[in-house]
Amino acid sequence: MVAGTEKPGPLTGIRVADFTWAWAGPQGSLLLSMLGAEVIKIESNARLDHARVHTLTAGSLTGGIDESPVFNDLNLGKRSLTLNLKKQRARDLVKDLVPHCDIVLQNMRPGVLDKMGLGYRELSKLKPDLIMLSSSAVGATGPERTYTGYAPTFACLSGMVDISGHPDEPPIALSGSVDLRVGTASAFAVLAALIHRKRTGEGQDIDLSSTEVMSSMMGEAFVGYALNGRLPERVGNRDRTLAPQGVYRNLDDAGDPQWTSIAITTDSEWDALKTVIADPQLDGESFATSTARRTHHDELDAIIERWTEQRSNQASVQLLQAAGIAAAVVHNGKSLATDPHLAERGIYQSVEHPLLGEVKVVGPPWKLEGANVPGPAPLLGQHNDYVLKEILGLEASEIDALVKDEIVY
Amino acid sequence: MPNSDDQPADSRADQPKPAIEPARNPSPTTSNRPGPLQGLRVLEIGEMVAAPYCAKLLGDLGAEVIKVERPVEGDRSRLRGPFPDDTPHAERSALFLYLNTSKRSVTLDLASEQGPAIFRRLAADVDIVVEDRPPGEFAELGLDYDALAKDNPGLIVTSITPFGQTGPNRANKSEHVNLYHSAGHASPFTPPSQQQSRAASKAGGYLGEYDAGLVAAVGTLAAVLGREWSGTGQHVDVSKQEAMMSLERVTIGRYANEPDPFSGRGPGGLINAKDGYLIVNTLEPRQWEGLLDTMGRPEWGKADWCREPAQRMERMAEIQQHIAEWAGTRTRDEIYHAAQSHGTPAGPVRNVEEVMAWNQSREREFFRELIHPEVGAVEYPTGPCRFSSLDWVGSAAPLLGQHNATVFGDALGYSRDELARLAEQGVI
């Protein structure tokens, strides 16, 4: 289906002034946009969102600034207003706009927006119940607050990278998904603040550290270290205590390797696995308990893999699940796109982009009434007239002058 | 059920008596917990990570959360650890203690005759139910959304399952390793043909499960706000697989549109310093120049062989070799602070001890001490966001069934005798 024509969502009537760029911030406002909020993205030719021009995963994009599929993906349904914030008049226009908004989102380095006179302290004078969320690499306070970062660097600082990867290899660098976790946490904080505002009438100044978002997603490692003083090690695809768990090679598909993940957590599942694989070697003493299986994991993996290698990943999963064992196809981008379960769930949806044509995107992460794919990302400055004329009430001649002076730019 | 060898016989010997609250009760009382979600009432019936994290996020912001656990065993995470002295104990699991702050615990056996009716009474008086039972199980018990909403039209039921409530895989079981790889998160940028010898690793801990909990928390709060419009609650269906996919939406979306999307990076990435790894990113030209300044090689910025991004791509191996040689004689922190002083994003790979000792964590008071009757005073991460007007209000995790008396007795009106009988019958 083509998105963009749906009924109101939970945030219909909520307006967001969005200064965020790159990946993390825009994911936060994307979720609000999917929930029905009107998101006005404030960007500029003087400071292009680099998702419009180049990205960590895509290198330099060959198309123009309005043709980036990455930008489209992260900015669905938003409005674009171009304001060159280096100019005072543009900052004044922001101040005119903020009273018409409920939420301001920004992810510049801590202090930058304050220096422009657009920090929470100034803006909340204009809109006392304003909800403002500032996200940054390591937070808006503390000795390293001005440090800069991207997803891979905050993942390192959080402790997550150190525990990720195979034990005999360097840790794995986590990338784009970390930004989107930060953005998702931003959306969570903003929704909580909206609920608070509804109850009390109070606004909020929210400080979100990307590093802390990630540390919060491995809390048991910190509490565990505090309890027993042992540093968690990298365990690859295994579990720390339960065995066997891992990823096993299947028959190739036209030369591409295929894999199945298998996880045993109980003795009854272990018995079921023994029945499915039917290899007498599994009956040995060295596999009798989970602890023993964890100790002899390599040996055990070799036996399991002899079984998985004889069949496709789909056949393996079917046989294992039928026996009550947790198993799943190891997907990559290509196989996800053709997966029948996901097709039935309708997770991929299409938007009609004026320059890119029909583009498939991943839809909202919940089945939730009023959550939609809200249409394509905006062209740069596409909604200048809408914002300046309809919201701020400027005359056409005034807008022309702002464009000429590169204030609207 | 964990394996028998993971549960020593004495692990429940000193289980608390459910009907008596300990004098040193660290858990929230029924009211006056400040926070942005103050007044929101949540009933959680969840195990391990995803559903408990969803409810914890709400509780840590002031919502009142009642956690429903199976009698005797409780949440499976109680037996997963890590534990003090590596000795399993249902009240000393770091996984449980972290994921169940700011909650009260009651025990209830839904398989018992009276169990479902008691659950319905609890659900009649809350805003939100967060549950993670296999699709269909709640319907069989008469506890699905439609049934619960009859007593409570404003109710929001958030169901968090591996593959969602519908579709051919809905009944499939999944642990974290299954989930992580089912969402395509391992090496999403590496074409399958290059992953020949060994499968890529999942991320550490239970990252994908936390993802599902976080995504579910956003959907749940959206439904709370949506109630203002529609006047009714709704059933929110969260598939963990889709929650994780949404976090790789850019890469996954590109594969949905082109079979082999281009993927490339600038110099830097994971580098090995004298005392461990760190990551340096040079996405923008000024960050590459910043790295060159950090390395004392500003002239390379103008050199014919690596001035342009395309040239750097071509000679990446050589450039990486130079970076590795330079980094190998310096510590992570030397490189981190020097690169940052030149505006180049960098971050050392820190272990949990280093994160806890980091000045930035200390000054921001990211870790806060909570006192728990079984493990005493321990520092916990405080959560992903902080609000200007409200301090963190987290409280220590409950003992199994610690709040049976207050919740079943005071709130539902069961007498002391009735509670004793229910306990005897194994219902609570």
# chains A, B, ... in the order shown; residues from 1 in each chain; ligands from 1
>>> select_by_dssp(residues="stretch 81-257 of chain A", states="strand (DSSP E or B)", output="PyMOL selection string")
chain A and resi 81-82+103-106+131-136+204-209+245-249+253+256
>>> residues_around(residues="stretch 193-199 of chain A", least_positions_apart="3", cutoff="9 Å", atoms="only C-alpha atoms", output="list in words")
Asp102, Ile103, Asp129, Leu130, Ile131, Phe188, Ala189, Val190, Glu202, Gly203, Gln204 and Ile206 of chain A; Gly35, Pro36, Leu37, Gln38, Leu221, Val224, Leu225 and Phe387 of chain B
>>> write_last_selection(atoms="C-alpha atoms", output="PDB file, in the first residue's frame")
ATOM      1  CA  ASP A 102       5.154  21.370  21.684  1.00  0.00           C
ATOM      2  CA  ILE A 103       8.569  19.759  21.386  1.00  0.00           C
ATOM      3  CA  ASP A 129       5.493  24.121  28.884  1.00  0.00           C
ATOM      4  CA  LEU A 130       8.019  23.338  26.151  1.00  0.00           C
ATOM      5  CA  ILE A 131       9.483  19.844  26.064  1.00  0.00           C
ATOM      6  CA  PHE A 188      10.468   7.209  24.759  1.00  0.00           C
ATOM      7  CA  ALA A 189      11.633  10.165  26.867  1.00  0.00           C
ATOM      8  CA  VAL A 190       9.565  12.637  24.857  1.00  0.00           C
ATOM      9  CA  GLU A 202       4.903  21.312  33.122  1.00  0.00           C
ATOM     10  CA  GLY A 203       7.450  21.209  30.336  1.00  0.00           C
ATOM     11  CA  GLN A 204      10.806  19.489  30.536  1.00  0.00           C
ATOM     12  CA  ILE A 206      15.690  16.332  28.815  1.00  0.00           C
TER      13      ILE A 206
ATOM     14  CA  GLY B  35       8.360  10.995  38.076  1.00  0.00           C
ATOM     15  CA  PRO B  36       6.856  11.871  34.718  1.00  0.00           C
ATOM     16  CA  LEU B  37       4.755   8.698  34.705  1.00  0.00           C
ATOM     17  CA  GLN B  38       3.446   9.098  38.229  1.00  0.00           C
ATOM     18  CA  LEU B 221       3.288   5.252  25.885  1.00  0.00           C
ATOM     19  CA  VAL B 224      -1.510   5.922  26.486  1.00  0.00           C
ATOM     20  CA  LEU B 225      -1.498   9.209  24.574  1.00  0.00           C
ATOM     21  CA  PHE B 387      14.559  14.995  33.206  1.00  0.00           C
TER      22      PHE B 387
END
>>> residues_around(residues="A:Ser29", least_positions_apart="4", cutoff="9 Å", atoms="only C-alpha atoms", output="number ranges by chain")
A: 16, 18, 20, 25, 33-34, 37, 39, 41, 74-75, 78, 105, 183-184, 186-187
>>> write_last_selection(atoms="N, CA and C atoms", output="PDB file, in the first residue's frame")
ATOM      1  N   VAL A  16       6.487  19.362  16.342  1.00  0.00           N
ATOM      2  CA  VAL A  16       7.877  19.217  16.775  1.00  0.00           C
ATOM      3  C   VAL A  16       8.768  20.119  15.928  1.00  0.00           C
ATOM      4  N   ASP A  18      12.432  20.323  14.893  1.00  0.00           N
ATOM      5  CA  ASP A  18      13.451  19.277  14.927  1.00  0.00           C
ATOM      6  C   ASP A  18      14.760  19.783  14.323  1.00  0.00           C
ATOM      7  N   THR A  20      17.534  18.055  14.680  1.00  0.00           N
ATOM      8  CA  THR A  20      18.470  16.934  14.672  1.00  0.00           C
ATOM      9  C   THR A  20      18.931  16.597  13.268  1.00  0.00           C
ATOM     10  N   GLY A  25      19.199  11.375  16.080  1.00  0.00           N
ATOM     11  CA  GLY A  25      18.124  12.329  16.307  1.00  0.00           C
ATOM     12  C   GLY A  25      16.955  12.101  15.369  1.00  0.00           C
ATOM     13  N   SER A  33       6.852  11.043  14.092  1.00  0.00           N
ATOM     14  CA  SER A  33       6.173  11.260  12.819  1.00  0.00           C
ATOM     15  C   SER A  33       5.269  10.070  12.475  1.00  0.00           C
ATOM     16  N   MET A  34       5.758   8.860  12.712  1.00  0.00           N
ATOM     17  CA  MET A  34       4.942   7.664  12.463  1.00  0.00           C
ATOM     18  C   MET A  34       3.712   7.625  13.366  1.00  0.00           C
ATOM     19  N   ALA A  37       2.666  12.910  14.788  1.00  0.00           N
ATOM     20  CA  ALA A  37       3.115  14.270  15.089  1.00  0.00           C
ATOM     21  C   ALA A  37       3.513  14.979  13.794  1.00  0.00           C
ATOM     22  N   VAL A  39       6.300  16.971  12.294  1.00  0.00           N
ATOM     23  CA  VAL A  39       7.708  17.237  12.580  1.00  0.00           C
ATOM     24  C   VAL A  39       8.238  18.234  11.549  1.00  0.00           C
ATOM     25  N   LYS A  41      11.430  19.788  10.270  1.00  0.00           N
ATOM     26  CA  LYS A  41      12.880  19.618  10.308  1.00  0.00           C
ATOM     27  C   LYS A  41      13.511  20.921   9.890  1.00  0.00           C
ATOM     28  N   LEU A  74      15.043   7.891   7.020  1.00  0.00           N
ATOM     29  CA  LEU A  74      15.066   8.399   8.397  1.00  0.00           C
ATOM     30  C   LEU A  74      14.191   9.634   8.603  1.00  0.00           C
ATOM     31  N   ASN A  75      13.580  10.127   7.543  1.00  0.00           N
ATOM     32  CA  ASN A  75      12.858  11.397   7.673  1.00  0.00           C
ATOM     33  C   ASN A  75      11.460  11.340   7.057  1.00  0.00           C
ATOM     34  N   LYS A  78       8.267  14.014   7.359  1.00  0.00           N
ATOM     35  CA  LYS A  78       8.603  15.275   8.035  1.00  0.00           C
ATOM     36  C   LYS A  78       8.461  16.445   7.058  1.00  0.00           C
ATOM     37  N   LEU A 105      13.583  19.142  19.443  1.00  0.00           N
ATOM     38  CA  LEU A 105      14.607  18.092  19.511  1.00  0.00           C
ATOM     39  C   LEU A 105      15.892  18.631  18.907  1.00  0.00           C
ATOM     40  N   GLY A 183      17.913   7.091  19.198  1.00  0.00           N
ATOM     41  CA  GLY A 183      16.724   7.799  18.729  1.00  0.00           C
ATOM     42  C   GLY A 183      15.459   7.231  19.341  1.00  0.00           C
ATOM     43  N   THR A 184      15.400   5.913  19.462  1.00  0.00           N
ATOM     44  CA  THR A 184      14.217   5.272  20.046  1.00  0.00           C
ATOM     45  C   THR A 184      14.076   5.661  21.517  1.00  0.00           C
ATOM     46  N   SER A 186      15.098   8.413  22.733  1.00  0.00           N
ATOM     47  CA  SER A 186      14.660   9.824  22.718  1.00  0.00           C
ATOM     48  C   SER A 186      13.146   9.902  22.592  1.00  0.00           C
ATOM     49  N   ALA A 187      12.598   9.079  21.698  1.00  0.00           N
ATOM     50  CA  ALA A 187      11.139   9.079  21.526  1.00  0.00           C
ATOM     51  C   ALA A 187      10.457   8.654  22.822  1.00  0.00           C
TER      52      ALA A 187
END
>>> atom_distance(atom1="atom CA of A:Glu38", atom2="atom CA of A:Ile14")
6.2 Å
>>> select_by_dssp(residues="stretch 8-94 of chain A", states="alpha helix (DSSP H)", output="VMD selection string")
chain A and resid 24 to 34 50 to 53 69 to 74 88 to 94
>>> write_last_selection(atoms="N, CA, C and O atoms", output="mmCIF file, in the first residue's frame")
data_model
loop_
_atom_site.group_PDB
_atom_site.id
_atom_site.type_symbol
_atom_site.label_atom_id
_atom_site.label_comp_id
_atom_site.auth_asym_id
_atom_site.auth_seq_id
_atom_site.Cartn_x
_atom_site.Cartn_y
_atom_site.Cartn_z
ATOM 1 N N ALA A 24 20.802 9.391 14.673
ATOM 2 C CA ALA A 24 20.171 9.153 15.982
ATOM 3 C C ALA A 24 18.973 10.080 16.200
ATOM 4 O O ALA A 24 17.863 9.621 16.476
ATOM 5 N N GLY A 25 19.199 11.375 16.080
ATOM 6 C CA GLY A 25 18.124 12.329 16.307
ATOM 7 C C GLY A 25 16.955 12.101 15.369
ATOM 8 O O GLY A 25 15.792 12.007 15.805
ATOM 9 N N PRO A 26 17.225 12.006 14.055
ATOM 10 C CA PRO A 26 16.122 11.790 13.110
ATOM 11 C C PRO A 26 15.318 10.511 13.368
ATOM 12 O O PRO A 26 14.125 10.465 13.092
ATOM 13 N N GLN A 27 15.923 9.469 13.911
ATOM 14 C CA GLN A 27 15.143 8.271 14.262
ATOM 15 C C GLN A 27 14.122 8.617 15.357
ATOM 16 O O GLN A 27 12.990 8.149 15.322
ATOM 17 N N GLY A 28 14.516 9.461 16.319
ATOM 18 C CA GLY A 28 13.581 9.857 17.374
ATOM 19 C C GLY A 28 12.377 10.581 16.787
ATOM 20 O O GLY A 28 11.229 10.241 17.066
ATOM 21 N N SER A 29 12.640 11.572 15.929
ATOM 22 C CA SER A 29 11.507 12.321 15.356
ATOM 23 C C SER A 29 10.772 11.487 14.313
ATOM 24 O O SER A 29 9.582 11.707 14.075
ATOM 25 N N LEU A 30 11.445 10.499 13.706
ATOM 26 C CA LEU A 30 10.744 9.594 12.780
ATOM 27 C C LEU A 30 9.645 8.820 13.510
ATOM 28 O O LEU A 30 8.524 8.683 13.011
ATOM 29 N N LEU A 31 9.968 8.315 14.690
ATOM 30 C CA LEU A 31 8.953 7.566 15.437
ATOM 31 C C LEU A 31 7.778 8.482 15.796
ATOM 32 O O LEU A 31 6.623 8.083 15.716
ATOM 33 N N LEU A 32 8.074 9.733 16.173
ATOM 34 C CA LEU A 32 6.991 10.677 16.482
ATOM 35 C C LEU A 32 6.169 10.944 15.220
ATOM 36 O O LEU A 32 4.936 11.038 15.273
ATOM 37 N N SER A 33 6.852 11.043 14.092
ATOM 38 C CA SER A 33 6.173 11.260 12.819
ATOM 39 C C SER A 33 5.269 10.070 12.475
ATOM 40 O O SER A 33 4.132 10.240 12.028
ATOM 41 N N MET A 34 5.758 8.860 12.712
ATOM 42 C CA MET A 34 4.942 7.664 12.463
ATOM 43 C C MET A 34 3.712 7.625 13.366
ATOM 44 O O MET A 34 2.722 6.979 13.038
ATOM 45 N N HIS A 50 24.091 15.253 6.893
ATOM 46 C CA HIS A 50 24.958 14.442 6.032
ATOM 47 C C HIS A 50 24.304 13.168 5.527
ATOM 48 O O HIS A 50 24.803 12.548 4.603
ATOM 49 N N ALA A 51 23.117 12.826 6.096
ATOM 50 C CA ALA A 51 22.371 11.722 5.482
ATOM 51 C C ALA A 51 21.880 12.103 4.079
ATOM 52 O O ALA A 51 21.528 11.247 3.286
ATOM 53 N N ARG A 52 21.853 13.434 3.781
ATOM 54 C CA ARG A 52 21.496 13.862 2.427
ATOM 55 C C ARG A 52 22.666 13.694 1.461
ATOM 56 O O ARG A 52 22.464 13.645 0.255
ATOM 57 N N VAL A 53 23.879 13.674 1.963
ATOM 58 C CA VAL A 53 25.026 13.654 1.048
ATOM 59 C C VAL A 53 25.915 12.423 1.159
ATOM 60 O O VAL A 53 26.352 11.874 0.166
ATOM 61 N N PRO A 69 18.457 7.814 -0.476
ATOM 62 C CA PRO A 69 17.530 6.854 0.129
ATOM 63 C C PRO A 69 17.714 6.770 1.637
ATOM 64 O O PRO A 69 16.761 6.465 2.371
ATOM 65 N N VAL A 70 18.910 7.040 2.115
ATOM 66 C CA VAL A 70 19.173 7.000 3.556
ATOM 67 C C VAL A 70 18.421 8.130 4.251
ATOM 68 O O VAL A 70 17.751 7.932 5.268
ATOM 69 N N PHE A 71 18.507 9.316 3.677
ATOM 70 C CA PHE A 71 17.777 10.449 4.239
ATOM 71 C C PHE A 71 16.274 10.183 4.203
ATOM 72 O O PHE A 71 15.554 10.429 5.175
ATOM 73 N N ASN A 72 15.818 9.662 3.067
ATOM 74 C CA ASN A 72 14.389 9.357 2.945
ATOM 75 C C ASN A 72 13.939 8.429 4.073
ATOM 76 O O ASN A 72 12.930 8.650 4.733
ATOM 77 N N ASP A 73 14.718 7.393 4.286
ATOM 78 C CA ASP A 73 14.347 6.380 5.256
ATOM 79 C C ASP A 73 14.201 6.944 6.662
ATOM 80 O O ASP A 73 13.335 6.511 7.423
ATOM 81 N N LEU A 74 15.043 7.891 7.020
ATOM 82 C CA LEU A 74 15.066 8.399 8.397
ATOM 83 C C LEU A 74 14.191 9.634 8.603
ATOM 84 O O LEU A 74 14.103 10.145 9.716
ATOM 85 N N GLN A 88 21.250 35.979 12.538
ATOM 86 C CA GLN A 88 20.388 36.310 13.674
ATOM 87 C C GLN A 88 18.918 36.273 13.298
ATOM 88 O O GLN A 88 18.081 35.794 14.070
ATOM 89 N N ARG A 89 18.593 36.759 12.106
ATOM 90 C CA ARG A 89 17.185 36.793 11.699
ATOM 91 C C ARG A 89 16.597 35.374 11.664
ATOM 92 O O ARG A 89 15.436 35.175 12.015
ATOM 93 N N ALA A 90 17.430 34.405 11.271
ATOM 94 C CA ALA A 90 16.951 33.015 11.242
ATOM 95 C C ALA A 90 16.673 32.530 12.665
ATOM 96 O O ALA A 90 15.688 31.842 12.926
ATOM 97 N N ARG A 91 17.542 32.916 13.584
ATOM 98 C CA ARG A 91 17.326 32.539 14.992
ATOM 99 C C ARG A 91 16.046 33.183 15.527
ATOM 100 O O ARG A 91 15.305 32.571 16.297
ATOM 101 N N ASP A 92 15.783 34.410 15.089
ATOM 102 C CA ASP A 92 14.551 35.068 15.518
ATOM 103 C C ASP A 92 13.333 34.320 14.985
ATOM 104 O O ASP A 92 12.304 34.212 15.667
ATOM 105 N N LEU A 93 13.460 33.807 13.762
ATOM 106 C CA LEU A 93 12.341 33.037 13.201
ATOM 107 C C LEU A 93 12.098 31.755 13.998
ATOM 108 O O LEU A 93 10.958 31.340 14.183
ATOM 109 N N VAL A 94 13.176 31.150 14.477
ATOM 110 C CA VAL A 94 13.017 29.971 15.341
ATOM 111 C C VAL A 94 12.221 30.362 16.576
ATOM 112 O O VAL A 94 11.290 29.663 16.995
#
>>> closest_residue(among="A:Ser261, A:Gly159, A:Arg121, A:Thr211", to="A:Pro232", atoms="only C-alpha atoms")
A:Gly159
>>> closest_residue(among="B:Ala94, B:Val42, B:Val68, B:Ala303", to="chain A", atoms="only C-alpha atoms")
B:Ala94
>>> residues_around(residues="A:Phe154", least_positions_apart="6", cutoff="12 Å", atoms="only C-alpha atoms", output="compact mmCIF listing (two decimals) with N, CA and C atoms, in the first residue's frame")
# COMPACT_ATOMS: atom_id res chain seq x y z
N ALA A 24 20.80 9.39 14.67
CA ALA A 24 20.17 9.15 15.98
C ALA A 24 18.97 10.08 16.20
N SER A 136 23.24 13.82 22.99
CA SER A 136 24.65 14.07 22.71
C SER A 136 25.42 12.79 22.95
N ALA A 137 26.72 12.82 22.67
CA ALA A 137 27.53 11.60 22.78
C ALA A 137 27.60 11.10 24.21
N VAL A 138 27.95 12.00 25.15
CA VAL A 138 28.15 11.55 26.53
C VAL A 138 27.37 12.39 27.54
N GLY A 139 26.39 13.18 27.06
CA GLY A 139 25.55 13.95 27.96
C GLY A 139 25.91 15.43 27.99
N TYR A 147 32.70 16.50 23.99
CA TYR A 147 33.26 15.51 23.08
C TYR A 147 32.21 15.10 22.06
N THR A 148 32.73 14.72 20.90
CA THR A 148 31.83 14.40 19.81
C THR A 148 31.83 12.88 19.58
N MET A 160 29.45 -1.75 25.73
CA MET A 160 28.80 -2.77 24.90
C MET A 160 29.77 -3.45 23.94
N VAL A 161 30.66 -2.70 23.33
CA VAL A 161 31.56 -3.30 22.34
C VAL A 161 32.49 -4.31 23.02
N ASP A 162 32.96 -3.95 24.19
CA ASP A 162 33.90 -4.84 24.89
C ASP A 162 33.34 -6.25 25.10
N ALA A 173 32.50 -3.98 16.05
CA ALA A 173 32.12 -2.57 16.08
C ALA A 173 30.63 -2.48 15.76
N LEU A 174 29.86 -1.96 16.69
CA LEU A 174 28.42 -1.78 16.43
C LEU A 174 28.24 -0.41 15.80
N SER A 175 27.29 -0.34 14.88
CA SER A 175 27.23 0.90 14.10
C SER A 175 25.85 1.52 14.07
N GLY A 176 25.23 1.61 12.89
CA GLY A 176 24.00 2.38 12.71
C GLY A 176 22.90 2.05 13.69
N SER A 177 22.75 0.77 14.04
CA SER A 177 21.67 0.40 14.95
C SER A 177 21.81 1.10 16.30
N VAL A 178 23.03 1.43 16.67
CA VAL A 178 23.25 2.12 17.95
C VAL A 178 22.64 3.52 17.90
N ASP A 179 22.80 4.19 16.79
CA ASP A 179 22.16 5.50 16.62
C ASP A 179 20.65 5.36 16.76
N ARG A 181 18.97 3.09 18.31
CA ARG A 181 18.60 2.84 19.71
C ARG A 181 18.51 4.17 20.46
N VAL A 182 19.49 5.03 20.22
CA VAL A 182 19.49 6.34 20.89
C VAL A 182 18.25 7.13 20.49
N SER A 209 22.19 11.08 27.09
CA SER A 209 23.54 10.69 26.69
C SER A 209 23.45 9.40 25.89
N SER A 210 23.97 9.43 24.68
CA SER A 210 23.90 8.24 23.82
C SER A 210 24.64 7.07 24.47
N THR A 211 25.74 7.39 25.13
CA THR A 211 26.52 6.36 25.80
C THR A 211 25.70 5.71 26.91
N GLU A 212 24.98 6.53 27.67
CA GLU A 212 24.16 6.00 28.77
C GLU A 212 22.99 5.16 28.25
N VAL A 213 22.44 5.54 27.10
CA VAL A 213 21.38 4.71 26.51
C VAL A 213 21.91 3.30 26.32
N MET A 214 23.13 3.19 25.79
CA MET A 214 23.69 1.87 25.52
C MET A 214 24.09 1.14 26.79
N SER A 215 24.66 1.85 27.75
CA SER A 215 25.02 1.19 29.02
C SER A 215 23.78 0.65 29.72
N LEU B 278 40.22 0.96 20.30
CA LEU B 278 39.32 2.10 20.27
C LEU B 278 38.82 2.30 18.85
N ILE B 279 37.79 3.13 18.74
CA ILE B 279 37.23 3.42 17.42
C ILE B 279 37.40 4.91 17.15
N VAL B 280 37.84 5.21 15.93
CA VAL B 280 37.94 6.58 15.46
C VAL B 280 37.12 6.66 14.17
N ASN B 281 36.27 7.66 14.06
CA ASN B 281 35.46 7.81 12.85
C ASN B 281 35.85 9.07 12.09
N PRO B 345 35.66 12.33 16.15
CA PRO B 345 34.99 11.40 17.06
C PRO B 345 35.85 10.17 17.33
N ALA B 346 36.01 9.85 18.59
CA ALA B 346 36.79 8.68 18.98
C ALA B 346 36.20 8.16 20.27
N GLY B 347 36.33 6.87 20.50
CA GLY B 347 35.87 6.31 21.76
C GLY B 347 36.63 5.05 22.07
N PRO B 348 37.25 4.97 23.26
CA PRO B 348 37.93 3.75 23.65
C PRO B 348 36.94 2.63 23.95
N VAL B 349 37.32 1.40 23.62
CA VAL B 349 36.53 0.23 24.03
C VAL B 349 36.76 0.06 25.52
N ARG B 350 35.71 0.34 26.31
CA ARG B 350 35.85 0.28 27.77
C ARG B 350 35.15 -0.95 28.30
N VAL B 355 33.94 1.70 32.66
CA VAL B 355 32.77 2.57 32.50
C VAL B 355 32.31 3.07 33.88
>>> residues_around(residues="B:Glu228", least_positions_apart="4", cutoff="10 Å", atoms="only C-alpha atoms", output="PyMOL selection string")
(chain A and resi 10-11) or (chain B and resi 154+223-224+232-233)
>>> atom_distance(atom1="atom CA of B:Ser102", atom2="atom CA of B:Gly394")
5.2 Å
>>> closest_residue(among="A:Gly201, A:Leu180, A:Gly165, A:Ile277", to="A:Val235", atoms="only C-alpha atoms")
A:Gly165
>>> closest_residue(among="A:His100, A:Leu368, A:Leu379, A:Glu406", to="A:Gly9", atoms="only C-alpha atoms")
A:Leu368
>>> closest_residue(among="B:His337, B:Gly219, B:Ser239, B:Gly213", to="B:Asn169", atoms="only C-alpha atoms")
B:Ser239
>>> closest_residue(among="A:Pro374, A:Ile325, A:Thr153, A:Lys367", to="B:His235", atoms="only C-alpha atoms")
A:Lys367
